[in-house]
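Student: I'm passing along model_0.cif; it holds mmCIF, C-alpha atoms.
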data_my_file
#
loop_
_atom_site.label_atom_id
_atom_site.label_comp_id
_atom_site.auth_asym_id
_atom_site.auth_seq_id
_atom_site.Cartn_x
_atom_site.Cartn_y
_atom_site.Cartn_z
CA MET A 1 -6.49 107.85 38.57
CA THR A 2 -8.42 105.07 36.90
CA ILE A 3 -6.80 101.97 35.43
CA THR A 4 -8.15 98.86 33.75
CA LEU A 5 -7.39 95.52 35.38
CA LYS A 6 -7.65 92.33 33.34
CA TYR A 7 -7.66 88.88 34.90
CA PHE A 8 -6.89 85.65 33.05
CA GLY A 9 -7.34 81.95 33.80
CA LEU A 10 -7.44 81.02 37.48
CA LEU A 11 -7.25 84.70 38.44
CA ALA A 12 -10.48 85.42 36.58
CA ASP A 13 -12.03 82.55 38.53
CA ILE A 14 -10.80 83.99 41.83
CA THR A 15 -12.05 87.52 41.14
CA GLN A 16 -15.17 86.41 39.24
CA LEU A 17 -14.20 89.10 36.72
CA LYS A 18 -12.37 89.25 33.42
CA GLU A 19 -11.96 93.02 33.61
CA GLU A 20 -12.67 95.90 35.96
CA GLN A 21 -12.00 99.60 36.31
CA PHE A 22 -9.94 100.35 39.41
CA THR A 23 -9.55 103.79 40.97
CA VAL A 24 -6.73 104.87 43.26
CA GLU A 25 -6.19 108.27 44.81
CA GLN A 26 -2.54 108.66 43.77
CA GLU A 27 -1.49 109.94 40.34
CA THR A 28 1.02 107.10 39.99
CA ILE A 29 1.74 103.94 41.97
CA SER A 30 4.17 101.07 41.68
CA VAL A 31 3.13 97.60 40.56
CA SER A 32 4.12 96.42 44.03
CA THR A 33 1.64 98.81 45.69
CA LEU A 34 -1.09 97.90 43.22
CA LYS A 35 -0.46 94.19 43.81
CA SER A 36 -0.88 94.71 47.56
CA LYS A 37 -4.16 96.58 47.05
CA ILE A 38 -5.54 93.86 44.77
CA GLU A 39 -4.44 91.06 47.10
CA THR A 40 -6.22 92.83 49.96
CA GLN A 41 -9.41 92.90 47.88
CA TYR A 42 -9.03 89.34 46.56
CA GLN A 43 -7.23 87.55 49.38
CA THR A 44 -7.01 84.18 47.58
CA MET A 45 -4.60 85.80 45.11
CA GLN A 46 -2.03 85.99 47.93
CA ASN A 47 -1.54 82.23 47.63
CA THR A 48 -1.45 82.19 43.83
CA THR A 49 1.51 82.51 41.48
CA TYR A 50 1.06 85.08 38.73
CA THR A 51 2.87 87.75 36.74
CA ILE A 52 1.78 91.28 35.92
CA ALA A 53 1.94 93.11 32.60
CA VAL A 54 1.51 96.86 32.20
CA ASN A 55 0.26 97.94 28.77
CA GLN A 56 1.12 94.50 27.31
CA ALA A 57 4.72 94.51 28.60
CA MET A 58 5.85 92.24 31.41
CA SER A 59 6.69 94.38 34.43
CA GLY A 60 8.72 94.31 37.60
CA LEU A 61 7.41 95.30 40.99
CA GLN A 62 8.96 98.77 40.71
CA THR A 63 7.25 99.58 37.37
CA THR A 64 5.14 102.74 37.61
CA VAL A 65 1.42 102.55 36.83
CA LYS A 66 -0.21 105.71 35.49
CA ASP A 67 -3.74 106.90 34.71
CA GLN A 68 -5.48 104.90 31.96
CA ASP A 69 -2.89 102.08 31.99
CA VAL A 70 -4.06 98.52 31.36
CA ILE A 71 -2.79 95.98 33.87
CA ALA A 72 -3.01 92.25 33.15
CA PHE A 73 -2.76 89.60 35.86
CA LEU A 74 -1.42 86.46 34.20
CA PRO A 75 -1.34 82.96 35.69
CA PRO A 76 1.47 80.55 34.75
CA PHE A 77 1.07 79.20 31.24
CA ALA A 78 1.84 75.62 30.27
CA GLY A 79 3.81 75.19 27.09
CA GLY A 80 4.22 72.33 24.77
#
So, in terms of structure tokens, how does the structure I just supplied come out?

Tutor:
Amino acid sequence: MTITLKYFGLLADITQLKEEQFTVEQETISVSTLKSKIETQYQTMQNTTYTIAVNQAMSGLQTTVKDQDVIAFLPPFAGG
């Protein structure tokens, strides 16, 4: 399956990308598994706080990711 990964703020700086297509062999995976794969590729993300959204909805680690989903990696936002 192929999914779109979007990186924002500090995470875009770490990956040097705002967006990429990511292919995995499984038909579905959990956000937790995807997070592990991404942190293996971009090791600095292991020490960074961020949340993950799947198709513009905040997700938990057990959320299922499917083919053509859009996954956003979001750093903490300051409010005011």

Student: Report, in Å with one decimal, the straight-line distance from CA of Gly60 (chain A) to CA of Thr15 (chain A).

Tutor: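 Separating CA of Gly60 (chain A) from CA of Thr15 (chain A) is a distance of 22.1 Å.
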
Student: Which neighbours of region 48-52 of chain A fall inside 12 Å, counting all atoms listed in the file, when residues of the same chain fewer than 5 positions from it are skipped, and could you give them as a count of residues only?

Tutor: 35

Student: Applied to this file, what does the PyMOL selection byres ((chain A and resi 1) around 6) return in terms of residues, put as a ChimeraX atom specification?

Tutor: /A:2,23-24,27,67

Student: Which value, in Å to one decimal, gives the distance between CA of Lys66 (chain A) and CA of Thr28 (chain A)?

Tutor: 4.9 Å

Student: Taking all atoms of region 16-34 of chain A that appear in the file, build a box with edges along x, y and z, extend it by 3 Å on every side, and state its centre and edge lengths in Å to one decimal, as AutoDock Vina command-line options.

Tutor:
--center_x -5.5 --center_y 98.2 --center_z 39.6 --size_x 25.3 --size_y 29.5 --size_z 18.3

Student: Rounded to one decimal in Å, what is the spacing between CA of Thr40 (chain A) and CA of Gln56 (chain A)?

Tutor: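 That distance, rounded to one decimal, is 23.9 Å.
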